[in-house]
Amino acid sequence: MEVVVIGAGVAGLGVAWRLASAGCRVRVLERARPGAGASTAAAGMLAPVSEAELIEDSALELKLESLRRWPGFVASLEAASGVELEYRGDGTLVVALDRDDAEQVRRHYERMVELGLPASWVSGEEARGMEPLLSPTIPAAISIPSDHQVDPLRLIEALVVAVERAGGVIESGVEVEEIEVWGGAARGVVGRGADGAEARWAAEVVVVAAGAWTRRLRGLPGRLGRAIRPVKGQMMALLMEPEPVLRRVVRAPECYLIPRRDGRLILGATSEERGFDERLTAGGMFELLRGAWETLPITYELPLLRSWTGLRPAALDNEPLLGQTSVSGLVMAGGLYRNGILLTPITADVVSEAVLSGAQPALAAHLSPRRLE
Ligand code: FAD
Ligand code: GLY
């Protein structure tokens with residue numbers, strides 16, 4: 001089967017790896033370079049429990065299932081690529097900074113208990129026993145042993161190697177403009193090759209994994225072309241020296257802090273509806289630094305390494321769009337919003353199953369793109 005995948009983020013590369021491994025002839029077309037979109041901007045938290053919504057989340061079971069698949073995914077991707085993913089199983093602490101926050105965090109905790117999620121309530125003292133440099137004013141926290149992290153840069157690097165070793169082709173600097181559809185079926189894509197010349201790629205199946213830029217593609221059915229919007233996140237990296245200042249991921253009301261083995265402390269993230277404006281702002285940086293300082297005062301002393309932004313691909317209902325559209329051979333791996341790194345294994349499995357079977361997988365029956373056509 002000849003498959004074209006539009007976009008080399010975690011969604012496109014994960015699906016491409018599965019399909020190439022299953023014997024399909026796979027070509028991934030990427031506008032810039034692999035990971036150039038949200039995927040390398042991400043924090044890398046695998047956090048279905050700490051990000052569980054107080055309201056109904058129809059994708060929660062999918063997120064939990066993806067978390068369960070992560071250890072096996074790490075083992076097979078590391079074996080296929082030879083790249084270590086820096087998957088860390090140290091868990092997460094969700095902290096309250098004052099008594100008002102504590103009420104909110106308590107409601108969050110009660111919701112986790114109601115949903116049967118693994119979480120325990122700890123006092124401020126117990127939290128500081130786990131992470132000694134946390135602010136002395138923190139009154140309470142939730143300890144979530146199952147929410148882990150991975151390094152998204154390593155993840156992209158590994159997926160690129162794995163796709164190519166499985167026989168897939170990744171073309172960078174290629175912009176797809178339109179999906180060709182006739183007779184009710186996708187036939188390929190047209191766009192501009194790396195040399196800027198118009199080009200056409202024929203395919204039996206087209207997988208749309210273009211992240212927040214999906215809305216710029218022509219040829220999607222009905223309202224699907226407008227169904228995904230960009231949600232900006234601003235991020236920053238500090239250098240932990242001379243030694244790590246945290247062991248596990250810490251989430252506070254205004255920011256999260258993620259220690260990496262290479263000494264970086266990642267701070268994130270704002271959440272802004274600003275269209276395709278990818279600029280950093282003074283206010284965004286200020287919010288992150290203030291939130292980090294209130295949570296972990298030592299951050300005040302740490303050298304600043306760099307800051308960046310990314311655009312999360314969010315669907316109209318903020319839930320993923322996975323699987324078959326109403327057009328035969330046109331499949332989506334999109335709308336991964338705040339959880340695309342967490343959802344990488346399940347997206348690869350579900351969307352490749354949709355391509356190979358031509359049907360909507362049961363696990364993602366309610367996440368079919370058809371709901372927003
Ligand atoms: P992208 O990574 O955006 O990839 C789409 C690719 O398609 C891009 O490389 C782009 O260049 C390419 N493309 C677009 N249009 C075209 C075209 N016309 N032709 C060719 N190529 C095209 N998720 C988590 O699970 N945990 C986290 O901790 C986390 N933190 C985040 C922090 C921030 C600041 C942000 C922004 C996101 C975060 N996310 C996190 C979410 C996660 O990053 C995304 O859900 C995920 O990366 C989406 O992957 P994707 O492959 O769908 O899109
Ligand atoms: N999941 C973290 C973020 O999107 O910022």
# chains A, B, ... in the order shown; residues from 1 in each chain; ligands from 1
>>> residues_near_ligand(ligand="ligand 1", cutoff="7 Å", atoms="only C-alpha atoms and all ligand atoms", output="number ranges by chain")
A: 6-12, 29-47, 174-177, 209-214, 216-217, 232-235, 268-269, 309-313, 333-343
>>> select_by_dssp(residues="range 115-188 of chain A", states="alpha helix (DSSP H)", output="list in words")
Gly124, Glu125, Glu126, Ala127, Arg128, Gly129, Met130, Pro152, Leu153, Arg154, Leu155, Ile156, Glu157, Ala158, Leu159, Val160, Val161, Ala162, Val163, Glu164 and Arg165 of chain A
>>> residues_around(residues="Arg248 in chain A", least_positions_apart="2", cutoff="9 Å", atoms="only C-alpha atoms", output="PyMOL selection string")
chain A and resi 88-93+130-131+148-149+246+250+257-259
>>> atom_distance(atom1="CA of Ile346 in chain A", atom2="CA of Ser66 in chain A")
5.1 Å
>>> residues_around(residues="Ala166 in chain A", least_positions_apart="2", cutoff="6 Å", atoms="only C-alpha atoms", output="PDB file with C-alpha atoms, in the first residue's frame")
ATOM      1  CA  ALA A  20       6.473   1.070   7.228  1.00  0.00           C
ATOM      2  CA  SER A  21       7.052  -1.797   9.672  1.00  0.00           C
ATOM      3  CA  VAL A 163      10.935   5.219  10.164  1.00  0.00           C
ATOM      4  CA  GLU A 164      13.949   5.223   7.861  1.00  0.00           C
ATOM      5  CA  GLY A 168       9.999   4.797   5.095  1.00  0.00           C
TER       6      GLY A 168
END
>>> select_by_dssp(residues="range 137-368 of chain A", states="strand (DSSP E or B)", output="ChimeraX atom specification")
/A:140-144,148-149,169-172,175-182,185-192,198-202,205-208,218,228-239,249-251,256-259,264-268,272,304-315,321-324,328,330-334
>>> closest_residue(among="A:Pro230, A:Pro132, A:Gly82, A:Gly188", to="ligand 2", atoms="only C-alpha atoms and all ligand atoms")
A:Pro230
>>> atom_distance(atom1="CA of Leu367 in chain A", atom2="CA of Phe73 in chain A")
21.9 Å
